[in-house]
Each structure stands twice: as C-alpha cells, then as structure tokens.
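Trainee: One structure, pasted below without further comment.
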Amino acid sequence: MRTAIRTWQRLAPVALALCLVTQWVRAAEPPAKPAGAPAAVAAPATTAAPEAAPEASAAALTGDATGEGSTRALDEQIQDLKQQVVDLNKDLFVLEEELLFPANTQVAVFVSMDVGSFFGLDSVTLRVDNREVINYLYTPREVAALVKGGVQRLYVGNLKAGSHELVALFSGKGPNDRDYRRGASIKFEKGVGAKYLELKISDKTRRQQPEFEIKDWE
Amino acid sequence: MIRCFGRPYLLVALLALVQPAVPAATAVGELAPDFALPAATGGNVRLSEHRGEVVLLAFWSSRCSVCTAQLSLLGDLQTTYRSAGLVTLAVSVDDDMHRATRYAQAHPTRFPMLLDLRKGVSRAYGVERLPTTVLIDRRGRVRFLESDDRGIDNSYIAQVRELLDDPL
C-alpha cells in the first residue's frame, strides 16, 4: 500500500503537468481558418515609401510589446502550473498519512531536547510491545536542531486500542565524554483517537546528569 | 480534467499494486537511497545532508587489497576537488566492525569511513563486487555506478568533473 501511494505521489505531478500542458497547447492553437478567408497581410517590403517607415516602426514596437505580454502570460501560466503541482503533492501527502495512519489507530512519537550539556545524542531505539520499530542515528546537525528547540517526529505507526508499552533506548556521550546508554519506558492506553508521546531529554543540573522522560500528550 | 486524470491514475495505481515487495537495487538515474551510518571515528553521517554537493560513495572492505589502494587515491581526489563541492564517503562492508575500525584508525583519511554493519546500504545500492563506487550528483541522483578495479583513471576524474561543473 505504501509503495503504491509513493509511486502515485511520484507520478501524479507528472500526470498533472502533462494534462495542463496539453490543455494549454490546445488553447494556444489558432482557430482553423475558414476556406474563403483572405491571406494574411504581408510585411511591408524594404522598398516601401519613406512615409511608411514610422508606421512600420510603431508596428514593430507593438509587436515587441505583444511578445513581452505573451511571455509574461506564459510565465504566469507556468507559475500556476507549478503551484498546482505543489498543491497536489501536498494533498497526496495528507491522503497518504490519512490512509496509512488513520486517526483511530495512529501513534506518533516525538523527540525533544532541552539544553543537552550533559548528553550528546547518538541514537534512539524504540520498542513498542517488545518489537523494535525504529533505530534512528542522529547527525551533529540534527542534534544541533534539537538543542535549538526543534521537535522531531521520530515514529508514526498504528496500534489497536488497548494497553501498550513503549521502551526508548538512548545512546550517546554522557558527562566526561563517556559512552552513555539509558532507557525509559511508559505504559499507555490507546483509545479511539490518535496517541502522541514525547521523548524528552533534559539536563538535571543538581545531579549533573541527563534526564530521560516520556510524556503522554493527553 | 477529471476524465484526463482518471485513466492514468487508475493505471498507475494498478501498476504500483503489482510491484514486487522487495525493493530493487538502485540504478543509474534514480534517486540515491538515503541512509545514516556511524563513522569509524565517531558520529553519524546522513547522505541527504549533502544534497547540493557531489557525493562519491566508495564501498570497501579491509580484506580487499584493491579497495585499500583505491582509498588512498580517493583521498587525493577529495583534496583536489573538496573546494569545488566533492564529498567522499567510504562505506565499509566488513562483517567485523572492530577490524574495520582498526583499519580506519590505522589509515586515517580525509573523508569519513562509515560502517555498514547491517549491510542495508550496500544492499540498497546493489553492491556485488568490491570495490564499487557510486557518483551522486547535486540533485541526489545516481549518475555513475562503477564496479571494477580499474582504479582512479582519467575517465573517472572526467566523470567527477562533469558532475562538479553541473550547477544545481
């Protein structure tokens, strides 16, 4: 299902682009000329009378203006097309989320970090009901983003209603640059609505140690 | 508009449903699969953080003598083209993590030596022989995939230069 939606998501903008371009080309085509219609007026010859020259230059200027106008219109149409592709992609993303993770079974786990002086995050492993669901490695950039106040959605999945257990294993560098590995767990009830849990890493200044906490967003 | 969309969407959905479940190895022209791997010297490296740069992935093993010779040549290449936007990542496919780490510490390089312990990355890139090198352009697409021991010759450098000259 996920593969199908991903493929769909990849190809949908292309399909939309093709459709819109086809429609635009059809609209831009000149209407069919009637059989008895007179031929187009030929451009003035180089041997035209001198008094005709100002008119010709005026016509050329008008032509330039028309060309510029049509270029601008084309540019606007391209921008519209791009916007439609972006909107469609957004809709497909929302659709994917709704289909894969319906609100009544959705469980999402977020990670946040406060200060981070006593702990350098390296990885987080999540286990839900004794089954490993994700093992995420953090790069220095990602850790910096968390320290600045960013919140990362680490995992989103489905769970049926009832009681469940989440175990999070944090590994990294602790105080004095020593390897540090700690765990935190929570037992929670999954109800009808979506469940949101937050893994909070903070510094406990009094003990000079990091603190790991799992918060259940009611 | 609806009629225009209905048929391609239906076709695409049907085609996607009959796709095999096992993902195929990446081919030239496709988006390079993202990964995050631990480096032998500490820290982690994620490929997607290098979007906008030309990335050279070199799959190697400490047991492969050709690979180790190639790594030193890649070091020279990295020194020459680093300022132009070349990023080299060496991915070890050693089964023994300690052996790979020891090798990496004994032969320091100018680029990160990553450890693919679960072999997920080498499978994603379809690595069957060593050394294998993959060149990824600034848009994140696989542009060249070499799997031979010809070393770093002029044609290889030309490929790197071609990607570096290609603006984003």
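Order determines the names: the first chain of the structure tokens is A, the second B, and so forth; residues in each chain are numbered 1 upward, and ligands are numbered 1 upward as they are shown.
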With only C-alpha atoms as the counted atoms, please give the residues lying no more than 6 Å from B:Gly29, apart from itself and same-chain residues fewer than 6 positions off, as number ranges by chain.

Mentor: B: 141-143

Trainee: According to DSSP computed on the backbone, where in stretch 5-168 of chain B is there strand (DSSP E)? Give the residues as a PyMOL selection string.

Mentor: chain B and resi 36-38+44-46+54-60+86-92+113-115+132-136+142-146

Trainee: Could you give me, as a ChimeraX atom specification, the residues within 8 Å of stretch 49-51 of chain B, counting only C-alpha atoms and dropping anything in the same chain fewer than 5 positions from it?

Mentor: /B:87,138-140

Trainee: Filtering to N, CA and C atoms, could you give me those residues as a short mmCIF file (atom, residue, chain, number, x, y, z; two decimals), in the first residue's frame?

Mentor:
data_model
loop_
_atom_site.label_atom_id
_atom_site.label_comp_id
_atom_site.auth_asym_id
_atom_site.auth_seq_id
_atom_site.Cartn_x
_atom_site.Cartn_y
_atom_site.Cartn_z
N VAL B 87 32.25 15.51 -2.04
CA VAL B 87 32.23 14.88 -0.72
C VAL B 87 32.44 13.38 -0.93
N ARG B 138 24.43 16.65 -7.73
CA ARG B 138 23.99 17.65 -6.74
C ARG B 138 22.49 17.55 -6.45
N ARG B 139 21.73 16.93 -7.37
CA ARG B 139 20.28 16.77 -7.13
C ARG B 139 19.97 15.48 -6.40
N GLY B 140 20.99 14.71 -6.09
CA GLY B 140 20.77 13.47 -5.33
C GLY B 140 20.48 12.26 -6.20
#

Trainee: Within 10 Å of A:Lys148, counting only C-alpha atoms, which residues qualify if same-chain residues fewer than 3 places away don't, as a PyMOL selection string?

Mentor: chain A and resi 112-116+142-145+151

Trainee: Need to verify the contact set: stretch 157-172 of chain A, 7 Å, only C-alpha atoms, exclusion of same-chain residues closer than 5 positions in sequence. Can you return it as an MDAnalysis selection string?

Mentor: chainID A and resid 101 105:108 119:129 179:192

Trainee: Could you write out, as an mmCIF file with N, CA and C atoms, in the first residue's frame, all the residues of chain B that DSSP marks as helix (DSSP H, G or I)?

Mentor:
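Below is the file that was written, part-v6.cif:
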data_model
loop_
_atom_site.group_PDB
_atom_site.id
_atom_site.type_symbol
_atom_site.label_atom_id
_atom_site.label_comp_id
_atom_site.auth_asym_id
_atom_site.auth_seq_id
_atom_site.Cartn_x
_atom_site.Cartn_y
_atom_site.Cartn_z
ATOM 1 N N ILE B 2 -11.170 15.826 -14.995
ATOM 2 C CA ILE B 2 -11.345 14.577 -14.254
ATOM 3 C C ILE B 2 -11.147 13.396 -15.187
ATOM 4 N N ARG B 3 -11.677 13.531 -16.413
ATOM 5 C CA ARG B 3 -11.529 12.423 -17.361
ATOM 6 C C ARG B 3 -10.071 12.233 -17.736
ATOM 7 N N CYS B 4 -9.376 13.359 -17.835
ATOM 8 C CA CYS B 4 -7.958 13.314 -18.202
ATOM 9 C C CYS B 4 -7.135 12.597 -17.135
ATOM 10 N N PHE B 5 -7.559 12.787 -15.853
ATOM 11 C CA PHE B 5 -6.769 12.233 -14.749
ATOM 12 C C PHE B 5 -7.145 10.800 -14.407
ATOM 13 N N GLY B 6 -8.420 10.505 -14.583
ATOM 14 C CA GLY B 6 -8.927 9.221 -14.115
ATOM 15 C C GLY B 6 -8.141 8.043 -14.625
ATOM 16 N N ARG B 7 -7.897 8.010 -15.937
ATOM 17 C CA ARG B 7 -7.268 6.828 -16.518
ATOM 18 C C ARG B 7 -5.815 6.647 -16.107
ATOM 19 N N PRO B 8 -4.984 7.704 -16.240
ATOM 20 C CA PRO B 8 -3.584 7.498 -15.805
ATOM 21 C C PRO B 8 -3.471 7.116 -14.346
ATOM 22 N N TYR B 9 -4.341 7.711 -13.486
ATOM 23 C CA TYR B 9 -4.255 7.399 -12.062
ATOM 24 C C TYR B 9 -4.578 5.941 -11.803
ATOM 25 N N LEU B 10 -5.647 5.468 -12.500
ATOM 26 C CA LEU B 10 -6.064 4.076 -12.322
ATOM 27 C C LEU B 10 -4.948 3.148 -12.770
ATOM 28 N N LEU B 11 -4.346 3.490 -13.911
ATOM 29 C CA LEU B 11 -3.267 2.657 -14.465
ATOM 30 C C LEU B 11 -2.073 2.638 -13.526
ATOM 31 N N VAL B 12 -1.714 3.833 -13.027
ATOM 32 C CA VAL B 12 -0.563 3.942 -12.122
ATOM 33 C C VAL B 12 -0.820 3.154 -10.850
ATOM 34 N N ALA B 13 -2.051 3.261 -10.324
ATOM 35 C CA ALA B 13 -2.379 2.551 -9.083
ATOM 36 C C ALA B 13 -2.292 1.046 -9.301
ATOM 37 N N LEU B 14 -2.793 0.567 -10.448
ATOM 38 C CA LEU B 14 -2.750 -0.871 -10.721
ATOM 39 C C LEU B 14 -1.317 -1.355 -10.886
ATOM 40 N N LEU B 15 -0.516 -0.551 -11.611
ATOM 41 C CA LEU B 15 0.890 -0.929 -11.806
ATOM 42 C C LEU B 15 1.626 -0.982 -10.475
ATOM 43 N N ALA B 16 1.326 -0.006 -9.613
ATOM 44 C CA ALA B 16 2.016 0.045 -8.321
ATOM 45 C C ALA B 16 1.644 -1.145 -7.455
ATOM 46 N N LEU B 17 0.391 -1.593 -7.571
ATOM 47 C CA LEU B 17 -0.049 -2.700 -6.734
ATOM 48 C C LEU B 17 0.614 -4.015 -7.117
ATOM 49 N N LEU B 47 23.341 10.853 4.325
ATOM 50 C CA LEU B 47 23.588 11.234 2.924
ATOM 51 C C LEU B 47 22.799 12.483 2.527
ATOM 52 N N SER B 48 21.535 12.568 2.944
ATOM 53 C CA SER B 48 20.686 13.678 2.487
ATOM 54 C C SER B 48 21.194 15.041 2.965
ATOM 55 N N GLU B 49 22.064 15.042 3.956
ATOM 56 C CA GLU B 49 22.624 16.327 4.409
ATOM 57 C C GLU B 49 23.634 16.878 3.407
ATOM 58 N N HIS B 50 24.010 16.067 2.435
ATOM 59 C CA HIS B 50 24.985 16.518 1.430
ATOM 60 C C HIS B 50 24.323 16.837 0.101
ATOM 61 N N SER B 65 42.434 -5.799 -1.036
ATOM 62 C CA SER B 65 43.657 -5.003 -1.212
ATOM 63 C C SER B 65 43.460 -3.904 -2.258
ATOM 64 N N VAL B 66 42.685 -4.215 -3.302
ATOM 65 C CA VAL B 66 42.432 -3.196 -4.339
ATOM 66 C C VAL B 66 41.680 -2.010 -3.743
ATOM 67 N N CYS B 67 40.743 -2.342 -2.837
ATOM 68 C CA CYS B 67 39.942 -1.264 -2.217
ATOM 69 C C CYS B 67 40.829 -0.328 -1.415
ATOM 70 N N THR B 68 41.724 -0.910 -0.650
ATOM 71 C CA THR B 68 42.545 -0.075 0.223
ATOM 72 C C THR B 68 43.481 0.811 -0.598
ATOM 73 N N ALA B 69 43.942 0.270 -1.742
ATOM 74 C CA ALA B 69 44.770 1.095 -2.642
ATOM 75 C C ALA B 69 43.924 2.232 -3.215
ATOM 76 N N GLN B 70 42.667 1.900 -3.520
ATOM 77 C CA GLN B 70 41.781 2.913 -4.113
ATOM 78 C C GLN B 70 41.468 4.029 -3.109
ATOM 79 N N LEU B 71 41.368 3.656 -1.843
ATOM 80 C CA LEU B 71 41.026 4.662 -0.825
ATOM 81 C C LEU B 71 42.047 5.790 -0.770
ATOM 82 N N SER B 72 43.344 5.411 -0.922
ATOM 83 C CA SER B 72 44.368 6.463 -0.862
ATOM 84 C C SER B 72 44.255 7.385 -2.080
ATOM 85 N N LEU B 73 43.896 6.805 -3.235
ATOM 86 C CA LEU B 73 43.700 7.644 -4.431
ATOM 87 C C LEU B 73 42.484 8.547 -4.270
ATOM 88 N N LEU B 74 41.457 8.010 -3.628
ATOM 89 C CA LEU B 74 40.258 8.833 -3.395
ATOM 90 C C LEU B 74 40.574 9.996 -2.461
ATOM 91 N N GLY B 75 41.521 9.761 -1.553
ATOM 92 C CA GLY B 75 41.948 10.829 -0.652
ATOM 93 C C GLY B 75 42.535 12.000 -1.430
ATOM 94 N N ASP B 76 43.357 11.670 -2.443
ATOM 95 C CA ASP B 76 43.940 12.728 -3.289
ATOM 96 C C ASP B 76 42.846 13.469 -4.058
ATOM 97 N N LEU B 77 41.907 12.679 -4.580
ATOM 98 C CA LEU B 77 40.807 13.273 -5.356
ATOM 99 C C LEU B 77 39.984 14.229 -4.477
ATOM 100 N N GLN B 78 39.747 13.793 -3.258
ATOM 101 C CA GLN B 78 38.973 14.602 -2.310
ATOM 102 C C GLN B 78 39.707 15.913 -2.006
ATOM 103 N N THR B 79 41.024 15.816 -1.823
ATOM 104 C CA THR B 79 41.810 17.021 -1.525
ATOM 105 C C THR B 79 41.724 18.010 -2.684
ATOM 106 N N THR B 80 41.794 17.482 -3.916
ATOM 107 C CA THR B 80 41.795 18.362 -5.092
ATOM 108 C C THR B 80 40.446 19.046 -5.284
ATOM 109 N N TYR B 81 39.354 18.279 -5.119
ATOM 110 C CA TYR B 81 38.044 18.802 -5.520
ATOM 111 C C TYR B 81 37.118 19.150 -4.352
ATOM 112 N N ARG B 82 37.643 19.111 -3.141
ATOM 113 C CA ARG B 82 36.780 19.403 -1.990
ATOM 114 C C ARG B 82 36.187 20.813 -2.085
ATOM 115 N N SER B 83 37.034 21.760 -2.466
ATOM 116 C CA SER B 83 36.547 23.141 -2.527
ATOM 117 C C SER B 83 35.510 23.332 -3.631
ATOM 118 N N ALA B 84 35.518 22.431 -4.616
ATOM 119 C CA ALA B 84 34.537 22.547 -5.705
ATOM 120 C C ALA B 84 33.220 21.879 -5.347
ATOM 121 N N MET B 97 33.194 -5.373 12.778
ATOM 122 C CA MET B 97 33.232 -3.921 12.948
ATOM 123 C C MET B 97 34.585 -3.467 13.515
ATOM 124 N N HIS B 98 35.122 -4.273 14.440
ATOM 125 C CA HIS B 98 36.380 -3.885 15.085
ATOM 126 C C HIS B 98 37.529 -3.869 14.077
ATOM 127 N N ARG B 99 37.504 -4.818 13.162
ATOM 128 C CA ARG B 99 38.548 -4.885 12.141
ATOM 129 C C ARG B 99 38.508 -3.621 11.252
ATOM 130 N N ALA B 100 37.281 -3.263 10.853
ATOM 131 C CA ALA B 100 37.121 -2.064 10.010
ATOM 132 C C ALA B 100 37.543 -0.814 10.782
ATOM 133 N N THR B 101 37.167 -0.768 12.050
ATOM 134 C CA THR B 101 37.518 0.410 12.863
ATOM 135 C C THR B 101 39.027 0.497 13.042
ATOM 136 N N ARG B 102 39.644 -0.647 13.305
ATOM 137 C CA ARG B 102 41.114 -0.662 13.470
ATOM 138 C C ARG B 102 41.798 -0.180 12.201
ATOM 139 N N TYR B 103 41.299 -0.668 11.052
ATOM 140 C CA TYR B 103 41.894 -0.267 9.770
ATOM 141 C C TYR B 103 41.735 1.248 9.567
ATOM 142 N N ALA B 104 40.525 1.723 9.867
ATOM 143 C CA ALA B 104 40.257 3.156 9.664
ATOM 144 C C ALA B 104 41.130 4.014 10.580
ATOM 145 N N GLN B 105 41.376 3.520 11.787
ATOM 146 C CA GLN B 105 42.199 4.306 12.720
ATOM 147 C C GLN B 105 43.677 4.241 12.335
ATOM 148 N N ALA B 106 44.075 3.096 11.753
ATOM 149 C CA ALA B 106 45.476 2.952 11.342
ATOM 150 C C ALA B 106 45.777 3.698 10.043
ATOM 151 N N GLY B 120 22.522 -2.906 5.057
ATOM 152 C CA GLY B 120 21.330 -2.356 4.411
ATOM 153 C C GLY B 120 21.689 -1.405 3.269
ATOM 154 N N VAL B 121 22.747 -0.620 3.467
ATOM 155 C CA VAL B 121 23.128 0.368 2.451
ATOM 156 C C VAL B 121 23.727 -0.335 1.236
ATOM 157 N N SER B 122 24.609 -1.308 1.469
ATOM 158 C CA SER B 122 25.225 -1.997 0.325
ATOM 159 C C SER B 122 24.170 -2.778 -0.464
ATOM 160 N N ARG B 123 23.145 -3.271 0.233
ATOM 161 C CA ARG B 123 22.057 -3.958 -0.488
ATOM 162 C C ARG B 123 21.256 -2.945 -1.309
ATOM 163 N N ALA B 124 20.998 -1.802 -0.714
ATOM 164 C CA ALA B 124 20.197 -0.778 -1.416
ATOM 165 C C ALA B 124 20.885 -0.303 -2.686
ATOM 166 N N ASN B 154 41.817 8.668 -15.711
ATOM 167 C CA ASN B 154 41.379 9.972 -16.217
ATOM 168 C C ASN B 154 39.886 10.014 -16.502
ATOM 169 N N SER B 155 39.342 8.885 -16.994
ATOM 170 C CA SER B 155 37.912 8.893 -17.318
ATOM 171 C C SER B 155 37.085 9.050 -16.039
ATOM 172 N N TYR B 156 37.596 8.488 -14.959
ATOM 173 C CA TYR B 156 36.896 8.604 -13.682
ATOM 174 C C TYR B 156 36.907 10.057 -13.213
ATOM 175 N N ILE B 157 38.063 10.675 -13.324
ATOM 176 C CA ILE B 157 38.171 12.088 -12.923
ATOM 177 C C ILE B 157 37.283 12.958 -13.811
ATOM 178 N N ALA B 158 37.195 12.578 -15.084
ATOM 179 C CA ALA B 158 36.341 13.338 -16.007
ATOM 180 C C ALA B 158 34.884 13.261 -15.559
ATOM 181 N N GLN B 159 34.467 12.086 -15.075
ATOM 182 C CA GLN B 159 33.085 11.938 -14.592
ATOM 183 C C GLN B 159 32.842 12.843 -13.381
ATOM 184 N N VAL B 160 33.822 12.860 -12.487
ATOM 185 C CA VAL B 160 33.689 13.704 -11.289
ATOM 186 C C VAL B 160 33.601 15.165 -11.706
ATOM 187 N N ARG B 161 34.463 15.557 -12.625
ATOM 188 C CA ARG B 161 34.489 16.967 -13.064
ATOM 189 C C ARG B 161 33.181 17.344 -13.752
ATOM 190 N N GLU B 162 32.644 16.398 -14.515
ATOM 191 C CA GLU B 162 31.387 16.658 -15.225
ATOM 192 C C GLU B 162 30.271 16.975 -14.219
ATOM 193 N N LEU B 163 30.234 16.208 -13.148
ATOM 194 C CA LEU B 163 29.196 16.440 -12.135
ATOM 195 C C LEU B 163 29.452 17.727 -11.361
ATOM 196 N N LEU B 164 30.724 18.016 -11.124
ATOM 197 C CA LEU B 164 31.037 19.246 -10.387
ATOM 198 C C LEU B 164 30.708 20.487 -11.212
ATOM 199 N N ASP B 165 30.873 20.360 -12.545
ATOM 200 C CA ASP B 165 30.579 21.501 -13.424
ATOM 201 C C ASP B 165 29.079 21.727 -13.577
#

Trainee: So what do you get for atom CA of B:Val93 versus atom CA of A:Leu154, distance-wise?

Mentor: 27.0 Å

Trainee: Which one is closest to chain B: A:Asp177, A:Glu198, A:Asp216, A:Asp203? Count only C-alpha atoms.

Mentor: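 Closest residue, counting only C-alpha atoms: A:Asp177.
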
Trainee: So, with only C-alpha atoms as the atoms that count, which of B:Leu130, B:Ile136, B:Leu57, B:Leu31 lies closest to chain A?

Mentor: B:Leu31

Trainee: Rank B:Thr132, B:Glu146, B:Pro112, B:Val54 by their smallest atom-to-atom distance to B:Gly42, using only C-alpha atoms, and report the top residue only.

Mentor: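 When distances to B:Gly42 are compared using only C-alpha atoms, the smallest one comes from B:Pro112.
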
Trainee: Do you have the atom CA of B:Leu56-atom CA of B:Leu135 distance handy?

Mentor: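 A separation of 4.7 Å between them.
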
Trainee: By how many Å are atom CA of B:Pro38 and atom CA of A:Val133 apart?

Mentor: 19.2 Å

Trainee: Using only C-alpha atoms, which of the listed residues (B:Pro131, B:Leu117, B:Ala90, B:Tyr125) sits closest to B:Val55?

Mentor: B:Ala90
